[in-house]
Amino acid sequence: MSTSRIPPLASTSEEDARAWFLAMREAGLLFNLHDDATWIVHIDTNEPFFTDEEAEQANAIHERLVDALGDRADDIVYPIFMETVAHLEIGGDEDLGPR
C-alpha cells in the first residue's frame with residue numbers, strides 16, 4: 001500500500017477548508033474544485049496524476065467541503081487557485097506558500 005499525497009482535512013470549517021486548499025497547493029496537487037480527480041493527467045504522458053486511492057480521497061474531501069460550505073467553498077478556493085494559475089502562466093519560481 002502506498003502513502004497518499006492528499007493531506008487530511010481537519011474539519012469542514014472555512015478556516016480548515018482554506019488550510020486544506022493551501023496544503024494541496026503547496027504539495028503541487030491543487031485542482032479545480034468541480035473537476036473529478038480521476039480526470040487529471042500529466043500533460044506530457046497522459047498518465048493519471050493521482051492514484052485511484054488519492055483521487056477517491058480528493059474527490060471525497062471536495063464533496064464534503066461543497067456539501068458543508070456550498071458556494072462558500074468556491075469563494076475560499078478561487079483566490080488560491082487563480083494565484084496558482086497566474087503564477088504558472090508567468091513562469092514564476094518564487095514560493096507560493098500560504099498568504
# chains A, B, ... in the order shown; residues from 1 in each chain; ligands from 1
>>> select_by_dssp(residues="chain A", states="helix (DSSP H, G or I)", output="PyMOL selection string")
chain A and resi 14-26+37-39+52-69+71-90
>>> closest_residue(among="A:Asp74, A:Ser4, A:Met24, A:Ala19", to="A:Glu56", atoms="only C-alpha atoms")
A:Ser4
>>> residues_around(residues="A:Ile40", least_positions_apart="3", cutoff="10 Å", atoms="only C-alpha atoms", output="ChimeraX atom specification")
/A:31-32,35-37,43,46-50,55
>>> write_last_selection(atoms="all heavy atoms", output="compact mmCIF listing (two decimals), in the first residue's frame")
# COMPACT_ATOMS: atom_id res chain seq x y z
N PHE A 31 -6.29 21.34 -7.72
CA PHE A 31 -7.01 21.29 -8.98
C PHE A 31 -8.40 21.87 -8.78
O PHE A 31 -8.83 22.11 -7.66
CB PHE A 31 -7.06 19.85 -9.54
CG PHE A 31 -7.82 18.87 -8.69
CD1 PHE A 31 -9.13 18.52 -9.01
CD2 PHE A 31 -7.23 18.28 -7.58
CE1 PHE A 31 -9.83 17.61 -8.23
CE2 PHE A 31 -7.92 17.36 -6.81
CZ PHE A 31 -9.22 17.03 -7.13
N ASN A 32 -9.08 22.13 -9.88
CA ASN A 32 -10.38 22.77 -9.84
C ASN A 32 -11.36 21.99 -8.97
O ASN A 32 -11.52 20.78 -9.12
CB ASN A 32 -10.93 22.89 -11.27
CG ASN A 32 -12.19 23.70 -11.36
OD1 ASN A 32 -13.17 23.43 -10.68
ND2 ASN A 32 -12.18 24.70 -12.20
N ASP A 35 -13.77 19.64 -10.80
CA ASP A 35 -13.26 18.56 -11.64
C ASP A 35 -13.19 17.27 -10.83
O ASP A 35 -13.04 17.30 -9.61
CB ASP A 35 -11.86 18.88 -12.17
CG ASP A 35 -11.86 19.90 -13.27
OD1 ASP A 35 -12.94 20.17 -13.84
OD2 ASP A 35 -10.79 20.46 -13.57
N ASP A 36 -13.28 16.18 -11.52
CA ASP A 36 -13.10 14.87 -10.91
C ASP A 36 -11.60 14.56 -10.92
O ASP A 36 -10.96 14.65 -11.97
CB ASP A 36 -13.87 13.84 -11.73
CG ASP A 36 -13.85 12.44 -11.15
OD1 ASP A 36 -12.83 12.04 -10.56
OD2 ASP A 36 -14.85 11.73 -11.31
N ALA A 37 -11.05 14.22 -9.78
CA ALA A 37 -9.60 13.96 -9.69
C ALA A 37 -9.16 12.83 -10.61
O ALA A 37 -8.00 12.80 -11.02
CB ALA A 37 -9.21 13.66 -8.25
N ILE A 43 0.26 16.11 -18.50
CA ILE A 43 0.08 16.56 -19.88
C ILE A 43 1.09 15.93 -20.83
O ILE A 43 0.78 15.66 -21.98
CB ILE A 43 0.13 18.10 -19.96
CG1 ILE A 43 -0.46 18.57 -21.28
CG2 ILE A 43 1.53 18.63 -19.75
CD1 ILE A 43 -0.89 20.00 -21.30
N ASN A 46 0.06 11.73 -20.37
CA ASN A 46 -1.35 11.36 -20.30
C ASN A 46 -1.63 10.30 -19.23
O ASN A 46 -2.67 9.67 -19.22
CB ASN A 46 -1.89 10.91 -21.66
CG ASN A 46 -3.37 11.20 -21.81
OD1 ASN A 46 -3.87 12.20 -21.32
ND2 ASN A 46 -4.07 10.32 -22.49
N GLU A 47 -0.67 10.09 -18.34
CA GLU A 47 -0.84 9.16 -17.23
C GLU A 47 -1.62 9.85 -16.12
O GLU A 47 -1.50 11.07 -15.93
CB GLU A 47 0.52 8.71 -16.69
CG GLU A 47 1.31 7.84 -17.66
CD GLU A 47 0.64 6.52 -17.92
OE1 GLU A 47 0.16 5.88 -16.95
OE2 GLU A 47 0.58 6.11 -19.10
N PRO A 48 -2.41 9.12 -15.35
CA PRO A 48 -3.16 9.73 -14.24
C PRO A 48 -2.22 10.45 -13.26
O PRO A 48 -1.13 9.95 -12.96
CB PRO A 48 -3.83 8.55 -13.56
CG PRO A 48 -3.88 7.48 -14.60
CD PRO A 48 -2.66 7.68 -15.46
N PHE A 49 -2.65 11.61 -12.83
CA PHE A 49 -1.86 12.40 -11.87
C PHE A 49 -1.98 11.82 -10.47
O PHE A 49 -1.03 11.83 -9.71
CB PHE A 49 -2.34 13.85 -11.89
CG PHE A 49 -1.48 14.77 -11.09
CD1 PHE A 49 -0.26 15.19 -11.57
CD2 PHE A 49 -1.89 15.22 -9.85
CE1 PHE A 49 0.56 16.04 -10.83
CE2 PHE A 49 -1.09 16.08 -9.10
CZ PHE A 49 0.13 16.48 -9.60
N PHE A 50 -3.16 11.32 -10.13
CA PHE A 50 -3.43 10.75 -8.82
C PHE A 50 -3.58 9.24 -8.93
O PHE A 50 -4.07 8.74 -9.94
CB PHE A 50 -4.72 11.32 -8.23
CG PHE A 50 -4.69 12.80 -7.96
CD1 PHE A 50 -5.37 13.68 -8.78
CD2 PHE A 50 -3.99 13.31 -6.89
CE1 PHE A 50 -5.36 15.04 -8.53
CE2 PHE A 50 -3.96 14.67 -6.63
CZ PHE A 50 -4.64 15.54 -7.46
N ALA A 55 -7.25 9.89 -5.79
CA ALA A 55 -8.39 10.51 -6.48
C ALA A 55 -9.66 10.35 -5.66
O ALA A 55 -10.44 11.30 -5.51
CB ALA A 55 -8.55 9.91 -7.87
>>> residues_around(residues="A:Arg18", least_positions_apart="4", cutoff="12 Å", atoms="only C-alpha atoms", output="NGL selection string")
:A and (9-14 or 22-25 or 30 or 62 or 65 or 69 or 72-81 or 98-99)
>>> closest_residue(among="A:Pro8, A:Asp44, A:Met82, A:Glu15", to="A:Ile61", atoms="only C-alpha atoms")
A:Pro8
>>> decode(residues="stretch 12-39 of chain A", atoms="N, CA, C and O atoms", output="mmCIF file, in the first residue's frame")
data_model
loop_
_atom_site.group_PDB
_atom_site.id
_atom_site.type_symbol
_atom_site.label_atom_id
_atom_site.label_comp_id
_atom_site.auth_asym_id
_atom_site.auth_seq_id
_atom_site.Cartn_x
_atom_site.Cartn_y
_atom_site.Cartn_z
ATOM 1 N N THR A 12 -14.703 20.742 8.244
ATOM 2 C CA THR A 12 -15.270 21.459 7.107
ATOM 3 C C THR A 12 -15.508 22.937 7.425
ATOM 4 O O THR A 12 -16.293 23.591 6.729
ATOM 5 N N SER A 13 -14.828 23.454 8.424
ATOM 6 C CA SER A 13 -14.928 24.895 8.696
ATOM 7 C C SER A 13 -14.254 25.664 7.558
ATOM 8 O O SER A 13 -13.419 25.114 6.829
ATOM 9 N N GLU A 14 -14.606 26.925 7.406
ATOM 10 C CA GLU A 14 -13.992 27.741 6.361
ATOM 11 C C GLU A 14 -12.483 27.838 6.561
ATOM 12 O O GLU A 14 -11.716 27.767 5.599
ATOM 13 N N GLU A 15 -12.056 27.985 7.790
ATOM 14 C CA GLU A 15 -10.625 28.092 8.091
ATOM 15 C C GLU A 15 -9.886 26.810 7.704
ATOM 16 O O GLU A 15 -8.823 26.865 7.073
ATOM 17 N N ASP A 16 -10.442 25.658 8.060
ATOM 18 C CA ASP A 16 -9.794 24.392 7.724
ATOM 19 C C ASP A 16 -9.878 24.091 6.226
ATOM 20 O O ASP A 16 -8.962 23.475 5.663
ATOM 21 N N ALA A 17 -10.939 24.519 5.574
ATOM 22 C CA ALA A 17 -11.038 24.353 4.124
ATOM 23 C C ALA A 17 -9.930 25.141 3.442
ATOM 24 O O ALA A 17 -9.230 24.632 2.567
ATOM 25 N N ARG A 18 -9.747 26.388 3.869
ATOM 26 C CA ARG A 18 -8.679 27.216 3.296
ATOM 27 C C ARG A 18 -7.317 26.582 3.550
ATOM 28 O O ARG A 18 -6.472 26.511 2.654
ATOM 29 N N ALA A 19 -7.099 26.085 4.751
ATOM 30 C CA ALA A 19 -5.827 25.433 5.082
ATOM 31 C C ALA A 19 -5.610 24.201 4.199
ATOM 32 O O ALA A 19 -4.482 23.940 3.749
ATOM 33 N N TRP A 20 -6.670 23.450 3.922
ATOM 34 C CA TRP A 20 -6.537 22.262 3.090
ATOM 35 C C TRP A 20 -6.191 22.630 1.651
ATOM 36 O O TRP A 20 -5.304 22.028 1.048
ATOM 37 N N PHE A 21 -6.885 23.643 1.112
ATOM 38 C CA PHE A 21 -6.575 24.071 -0.253
ATOM 39 C C PHE A 21 -5.138 24.580 -0.350
ATOM 40 O O PHE A 21 -4.433 24.306 -1.319
ATOM 41 N N LEU A 22 -4.689 25.308 0.657
ATOM 42 C CA LEU A 22 -3.303 25.782 0.669
ATOM 43 C C LEU A 22 -2.321 24.608 0.754
ATOM 44 O O LEU A 22 -1.281 24.605 0.084
ATOM 45 N N ALA A 23 -2.646 23.607 1.549
ATOM 46 C CA ALA A 23 -1.788 22.425 1.655
ATOM 47 C C ALA A 23 -1.732 21.680 0.322
ATOM 48 O O ALA A 23 -0.663 21.191 -0.084
ATOM 49 N N MET A 24 -2.867 21.598 -0.361
ATOM 50 C CA MET A 24 -2.882 20.966 -1.680
ATOM 51 C C MET A 24 -2.006 21.758 -2.655
ATOM 52 O O MET A 24 -1.240 21.177 -3.427
ATOM 53 N N ARG A 25 -2.089 23.085 -2.599
ATOM 54 C CA ARG A 25 -1.257 23.913 -3.477
ATOM 55 C C ARG A 25 0.214 23.703 -3.164
ATOM 56 O O ARG A 25 1.026 23.521 -4.068
ATOM 57 N N GLU A 26 0.574 23.736 -1.888
ATOM 58 C CA GLU A 26 1.969 23.576 -1.505
ATOM 59 C C GLU A 26 2.517 22.219 -1.924
ATOM 60 O O GLU A 26 3.707 22.096 -2.227
ATOM 61 N N ALA A 27 1.654 21.209 -1.970
ATOM 62 C CA ALA A 27 2.072 19.869 -2.387
ATOM 63 C C ALA A 27 2.054 19.723 -3.917
ATOM 64 O O ALA A 27 2.414 18.666 -4.436
ATOM 65 N N GLY A 28 1.622 20.773 -4.621
ATOM 66 C CA GLY A 28 1.535 20.708 -6.074
ATOM 67 C C GLY A 28 0.364 19.877 -6.563
ATOM 68 O O GLY A 28 0.386 19.342 -7.669
ATOM 69 N N LEU A 29 -0.689 19.792 -5.747
ATOM 70 C CA LEU A 29 -1.825 18.918 -6.048
ATOM 71 C C LEU A 29 -3.142 19.652 -6.248
ATOM 72 O O LEU A 29 -4.174 19.023 -6.456
ATOM 73 N N LEU A 30 -3.139 20.964 -6.172
ATOM 74 C CA LEU A 30 -4.381 21.735 -6.272
ATOM 75 C C LEU A 30 -4.988 21.592 -7.668
ATOM 76 O O LEU A 30 -4.289 21.673 -8.667
ATOM 77 N N PHE A 31 -6.293 21.344 -7.717
ATOM 78 C CA PHE A 31 -7.012 21.287 -8.981
ATOM 79 C C PHE A 31 -8.395 21.872 -8.776
ATOM 80 O O PHE A 31 -8.829 22.108 -7.662
ATOM 81 N N ASN A 32 -9.085 22.127 -9.877
ATOM 82 C CA ASN A 32 -10.385 22.773 -9.843
ATOM 83 C C ASN A 32 -11.362 21.995 -8.971
ATOM 84 O O ASN A 32 -11.521 20.780 -9.124
ATOM 85 N N LEU A 33 -12.029 22.708 -8.111
ATOM 86 C CA LEU A 33 -12.983 22.126 -7.167
ATOM 87 C C LEU A 33 -14.078 21.316 -7.851
ATOM 88 O O LEU A 33 -14.617 20.387 -7.283
ATOM 89 N N HIS A 34 -14.407 21.651 -9.087
ATOM 90 C CA HIS A 34 -15.513 20.993 -9.779
ATOM 91 C C HIS A 34 -15.065 19.931 -10.790
ATOM 92 O O HIS A 34 -15.887 19.394 -11.522
ATOM 93 N N ASP A 35 -13.769 19.641 -10.801
ATOM 94 C CA ASP A 35 -13.261 18.556 -11.644
ATOM 95 C C ASP A 35 -13.193 17.268 -10.828
ATOM 96 O O ASP A 35 -13.041 17.301 -9.612
ATOM 97 N N ASP A 36 -13.276 16.177 -11.517
ATOM 98 C CA ASP A 36 -13.102 14.867 -10.908
ATOM 99 C C ASP A 36 -11.604 14.558 -10.919
ATOM 100 O O ASP A 36 -10.959 14.649 -11.972
ATOM 101 N N ALA A 37 -11.047 14.217 -9.783
ATOM 102 C CA ALA A 37 -9.601 13.963 -9.688
ATOM 103 C C ALA A 37 -9.156 12.833 -10.612
ATOM 104 O O ALA A 37 -7.998 12.799 -11.017
ATOM 105 N N THR A 38 -10.066 11.940 -10.962
ATOM 106 C CA THR A 38 -9.676 10.850 -11.863
ATOM 107 C C THR A 38 -9.433 11.354 -13.279
ATOM 108 O O THR A 38 -8.822 10.657 -14.087
ATOM 109 N N TRP A 39 -9.890 12.561 -13.594
ATOM 110 C CA TRP A 39 -9.692 13.136 -14.927
ATOM 111 C C TRP A 39 -8.325 13.790 -15.086
ATOM 112 O O TRP A 39 -7.908 14.063 -16.212
#
